[in-house]
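K.L.:
File name structure.pdb; file contents PDB, C-alpha atoms; full text below.
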```
ATOM      1  CA  MET A 162       0.000   0.000   0.000
ATOM      2  CA  LYS A 163       1.296   3.425  -0.957
ATOM      3  CA  ARG A 164       2.148   5.859   1.837
ATOM      4  CA  GLN A 165      -0.123   8.869   2.076
ATOM      5  CA  GLY A 166       1.359  12.234   2.807
ATOM      6  CA  THR A 167       0.831  14.133   6.020
ATOM      7  CA  LEU A 168      -0.808  17.522   6.404
ATOM      8  CA  TYR A 169       1.206  19.489   8.980
ATOM      9  CA  LEU A 170      -0.512  22.423  10.675
ATOM     10  CA  LEU A 171       2.324  24.841  11.336
ATOM     11  CA  PRO A 172       2.254  27.852  13.650
ATOM     12  CA  MET A 173       3.410  31.231  12.459
ATOM     13  CA  PRO A 174       4.660  33.664  15.095
ATOM     14  CA  LEU A 175       2.885  36.894  15.778
ATOM     15  CA  GLY A 176       5.321  39.453  14.384
ATOM     16  CA  ASP A 177       8.836  38.793  13.113
ATOM     17  CA  HIS A 178      10.306  37.176  16.207
ATOM     18  CA  TRP A 179      10.391  33.427  15.560
ATOM     19  CA  GLU A 180      13.517  32.533  17.528
ATOM     20  CA  GLY A 181      12.615  30.993  20.863
ATOM     21  CA  VAL A 182       8.938  30.823  19.885
ATOM     22  CA  LEU A 183       8.838  27.962  17.396
ATOM     23  CA  SER A 184       9.441  24.396  18.520
ATOM     24  CA  GLY A 185      12.286  22.359  17.085
ATOM     25  CA  LYS A 186       9.732  20.222  15.214
ATOM     26  CA  ALA A 187       8.123  23.307  13.650
ATOM     27  CA  LEU A 188      11.509  24.623  12.485
ATOM     28  CA  GLU A 189      12.505  21.199  11.134
ATOM     29  CA  LEU A 190       9.309  20.997   9.055
ATOM     30  CA  LEU A 191       9.503  24.618   7.884
ATOM     31  CA  LYS A 192      13.033  23.914   6.651
ATOM     32  CA  SER A 193      12.280  20.569   5.004
ATOM     33  CA  LEU A 194       8.840  20.902   3.405
ATOM     34  CA  ASP A 195       8.672  22.306  -0.116
ATOM     35  CA  PHE A 196       4.906  22.715  -0.534
ATOM     36  CA  PHE A 197       2.830  25.056   1.616
ATOM     37  CA  VAL A 198      -0.799  26.097   1.631
ATOM     38  CA  THR A 199      -1.227  29.414   3.357
ATOM     39  CA  GLU A 200      -3.675  32.223   3.900
ATOM     40  CA  TYR A 201      -1.271  34.805   2.443
ATOM     41  CA  PRO A 202       1.630  33.411   0.360
ATOM     42  CA  ARG A 203       3.566  36.690   0.400
ATOM     43  CA  THR A 204       3.650  36.802   4.213
ATOM     44  CA  ALA A 205       4.521  33.099   4.445
ATOM     45  CA  ARG A 206       7.361  33.455   1.925
ATOM     46  CA  ARG A 207       8.781  36.440   3.838
ATOM     47  CA  PHE A 208       8.561  34.467   7.090
ATOM     48  CA  ILE A 209      10.269  31.354   5.720
ATOM     49  CA  THR A 210      13.088  33.311   4.056
ATOM     50  CA  GLN A 211      14.227  34.384   7.524
ATOM     51  CA  PHE A 212      15.786  30.964   8.045
ATOM     52  CA  ARG A 213      15.982  29.174   4.689
ATOM     53  CA  ASP A 214      16.365  29.668   0.955
ATOM     54  CA  VAL A 215      12.943  29.976  -0.678
ATOM     55  CA  HIS A 216      13.719  28.186  -3.934
ATOM     56  CA  PRO A 217      12.193  25.881  -5.046
ATOM     57  CA  LEU A 218       9.175  26.207  -2.775
ATOM     58  CA  THR A 219       5.515  26.244  -3.732
ATOM     59  CA  PHE A 220       2.993  28.435  -1.929
ATOM     60  CA  GLU A 221      -0.722  28.000  -2.646
ATOM     61  CA  GLU A 222      -3.354  30.396  -1.307
ATOM     62  CA  LEU A 223      -6.293  29.344   0.858
ATOM     63  CA  ASN A 224      -8.438  32.175   2.163
ATOM     64  CA  LYS A 225     -12.143  32.876   2.595
ATOM     65  CA  ARG A 226     -12.481  33.551  -1.159
ATOM     66  CA  THR A 227     -10.778  30.321  -2.275
ATOM     67  CA  PRO A 228     -13.301  28.100  -4.065
ATOM     68  CA  PRO A 229     -13.817  24.566  -2.674
ATOM     69  CA  THR A 230     -12.558  23.105  -5.971
ATOM     70  CA  ALA A 231      -9.076  24.526  -5.287
ATOM     71  CA  ILE A 232      -8.652  22.210  -2.295
ATOM     72  CA  LYS A 233      -8.992  18.939  -4.249
ATOM     73  CA  PRO A 234      -5.551  19.113  -5.973
ATOM     74  CA  TRP A 235      -3.888  19.539  -2.563
ATOM     75  CA  ILE A 236      -5.767  16.530  -1.181
ATOM     76  CA  ASP A 237      -4.697  14.571  -4.277
ATOM     77  CA  LYS A 238      -1.041  15.473  -3.590
ATOM     78  CA  LEU A 239      -1.418  14.260  -0.005
ATOM     79  CA  ALA A 240      -3.084  11.038  -1.196
ATOM     80  CA  GLU A 241      -0.153  10.483  -3.578
ATOM     81  CA  GLY A 242       2.313  10.649  -0.679
ATOM     82  CA  ARG A 243       3.403  14.290  -0.670
ATOM     83  CA  ASP A 244       3.688  16.051   2.696
ATOM     84  CA  ILE A 245       2.175  19.539   2.863
ATOM     85  CA  GLY A 246       2.493  22.293   5.436
ATOM     86  CA  TYR A 247      -0.407  24.615   6.200
ATOM     87  CA  LEU A 248       0.560  28.023   7.604
ATOM     88  CA  SER A 249      -1.930  30.358   9.200
ATOM     89  CA  GLU A 250      -1.417  34.088   8.801
ATOM     90  CA  ALA A 251      -0.378  34.316  12.455
ATOM     91  CA  GLY A 252      -0.677  31.977  15.403
ATOM     92  CA  MET A 253      -2.131  28.485  15.245
ATOM     93  CA  PRO A 254      -3.859  27.296  12.081
ATOM     94  CA  CYS A 255      -7.599  26.618  11.964
ATOM     95  CA  ILE A 256      -8.584  28.941  14.828
ATOM     96  CA  ALA A 257     -10.760  31.564  13.130
ATOM     97  CA  ASP A 258      -8.809  30.639  10.007
ATOM     98  CA  PRO A 259      -9.734  29.131   6.612
ATOM     99  CA  GLY A 260      -7.404  26.145   7.109
ATOM    100  CA  ARG A 261     -10.311  24.299   8.670
ATOM    101  CA  ARG A 262     -11.601  23.602   5.154
ATOM    102  CA  LEU A 263      -8.369  21.860   4.173
ATOM    103  CA  VAL A 264      -8.273  19.849   7.402
ATOM    104  CA  THR A 265     -11.899  18.747   6.972
ATOM    105  CA  ALA A 266     -11.179  17.582   3.406
ATOM    106  CA  ALA A 267      -8.039  15.728   4.563
ATOM    107  CA  HIS A 268      -9.961  13.913   7.303
ATOM    108  CA  ALA A 269     -12.675  12.951   4.805
ATOM    109  CA  LYS A 270      -9.990  11.140   2.750
ATOM    110  CA  GLY A 271      -8.333   9.515   5.777
ATOM    111  CA  ILE A 272      -5.204  11.647   5.488
ATOM    112  CA  HIS A 273      -3.058  12.056   8.591
ATOM    113  CA  VAL A 274      -3.230  15.591  10.045
ATOM    114  CA  VAL A 275      -0.552  16.631  12.540
ATOM    115  CA  PRO A 276      -0.764  19.895  14.485
ATOM    116  CA  VAL A 277       2.628  21.280  15.490
ATOM    117  CA  SER A 278       2.659  23.323  18.675
ATOM    118  CA  GLY A 279       3.273  27.038  18.587
ATOM    119  CA  SER A 280       1.882  30.390  19.574
ATOM    120  CA  SER A 281      -1.853  30.935  19.669
ATOM    121  CA  ALA A 282      -3.095  34.525  19.906
ATOM    122  CA  ILE A 283      -6.238  33.440  21.722
ATOM    123  CA  LEU A 284      -4.399  31.532  24.431
ATOM    124  CA  LEU A 285      -1.673  34.158  24.753
ATOM    125  CA  ALA A 286      -4.324  36.839  25.304
ATOM    126  CA  LEU A 287      -6.180  34.657  27.800
ATOM    127  CA  VAL A 288      -3.165  33.819  29.940
ATOM    128  CA  ALA A 289      -1.956  37.439  29.952
ATOM    129  CA  SER A 290      -5.413  38.802  30.859
ATOM    130  CA  GLY A 291      -5.679  37.422  34.371
ATOM    131  CA  LEU A 292      -9.140  36.049  33.521
ATOM    132  CA  ASN A 293     -10.258  32.560  34.486
ATOM    133  CA  GLY A 294      -8.579  30.118  32.102
ATOM    134  CA  GLN A 295     -10.558  27.167  33.451
ATOM    135  CA  ALA A 296     -13.628  27.941  31.384
ATOM    136  CA  PHE A 297     -13.848  30.286  28.428
ATOM    137  CA  THR A 298     -15.581  30.483  25.080
ATOM    138  CA  PHE A 299     -14.151  31.844  21.856
ATOM    139  CA  HIS A 300     -16.740  33.290  19.480
ATOM    140  CA  GLY A 301     -14.288  34.416  16.807
ATOM    141  CA  TYR A 302     -12.372  37.627  16.348
ATOM    142  CA  LEU A 303     -14.172  40.938  16.491
ATOM    143  CA  SER A 304     -14.877  42.771  13.256
ATOM    144  CA  PRO A 305     -12.084  45.062  12.059
ATOM    145  CA  LYS A 306     -14.732  47.722  11.314
ATOM    146  CA  LYS A 307     -15.869  49.918  14.201
ATOM    147  CA  SER A 308     -19.579  49.583  13.383
ATOM    148  CA  GLY A 309     -19.266  45.787  13.221
ATOM    149  CA  ARG A 310     -17.362  45.635  16.533
ATOM    150  CA  GLU A 311     -19.928  47.794  18.272
ATOM    151  CA  GLN A 312     -22.736  45.534  17.087
ATOM    152  CA  GLU A 313     -20.863  42.361  18.102
ATOM    153  CA  LEU A 314     -20.088  43.726  21.552
TER
END
```
Would you mind writing the file out in structure tokens?
P.N.:
Amino acid sequence: MKRQGTLYLLPMPLGDHWEGVLSGKALELLKSLDFFVTEYPRTARRFITQFRDVHPLTFEELNKRTPPTAIKPWIDKLAEGRDIGYLSEAGMPCIADPGRRLVTAAHAKGIHVVPVSGSSAILLALVASGLNGQAFTFHGYLSPKKSGREQEL
């Protein structure tokens, strides 16, 4: 039986300071993988060039406007044995992030999905707030527009 690839969910630091934030496993994968799906390829490329040569890397875009049909070729690559890294724009993938669509499709095909630990804006904000971390609910990020934020709050 042919080996399927693995979908790695890779953290991306908040800001440009990756040293001391990323785990050894995250750095190993970021240096060895050559195919990435990411919310914003330009940001991901800039991030990865901090510690490795970019060429020949492939960056594919997955954002809220990406049609569902764009995900199938990535799932096919995984099914054929290719490992793929998914990078969120910042923090942990799939938390208020379009990567959930890729993960759902991978699970539907029985493809191994491996989250790699790293920074999570939600958890960092919670632990720094002094609020009760024993029970909390995340309802998504607030709207970037003032009128939307006011309505949500």
K.L.:
Could you check which of A:Leu168, A:Glu250, A:Ala231, A:Pro259 is closest to A:Arg207, using only C-alpha atoms?
P.N.:
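Of A:Leu168, A:Glu250, A:Ala231, A:Pro259, the one nearest A:Arg207 is A:Glu250, counting only C-alpha atoms.
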K.L.:
Under the PyMOL selection byres ((chain A and resi 224) around 12), which residues of this model are included? Write them out as an NGL selection string.
P.N.:
:A and (198-202 or 221-223 or 225-229 or 231-232 or 247-250 or 254-255 or 257-263)
K.L.:
Would you compute the distance between atom CA of A:Thr230 and atom CA of A:Lys192? Give it in Å to one decimal.
P.N.:
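Between atom CA of A:Thr230 and atom CA of A:Lys192 the gap is 28.5 Å.
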K.L.:
Kindly give the distance, in Å, that separates atom CA of A:Ala205 and atom CA of A:Ile245, rounded to a single decimal.
P.N.:
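So the answer is 13.9 Å.
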K.L.:
Enclose all atoms of stretch 259-267 of chain A listed in the file in an axis-aligned box, grow every side by 6 Å, and hand back centre and edge lengths in Å to one decimal, as JSON.
P.N.:
```
{"center_x": -9.7, "center_y": 22.4, "center_z": 6.0, "size_x": 16.5, "size_y": 25.4, "size_z": 17.3}
```
K.L.:
Please evaluate the PyMOL selection byres ((chain A and resi 296-307) around 12) against the structure above and give the resulting residues as a list in words.
P.N.:
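The output of the PyMOL selection byres ((chain A and resi 296-307) around 12) on this file is Cys255, Ile256, Ala257, Asp258, Ala282, Ile283, Leu284, Ala286, Leu287, Val288, Leu292, Asn293, Gly294, Gln295, Ser308, Gly309, Arg310, Glu311, Gln312, Glu313 and Leu314 of chain A.
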K.L.:
Within 8 Å of (4.1, 26.2, 11.6) in the file's own coordinates, which protein, DNA or RNA residues have an atom, counting all atoms listed in the file? List them as a count of residues only.
P.N.:
18
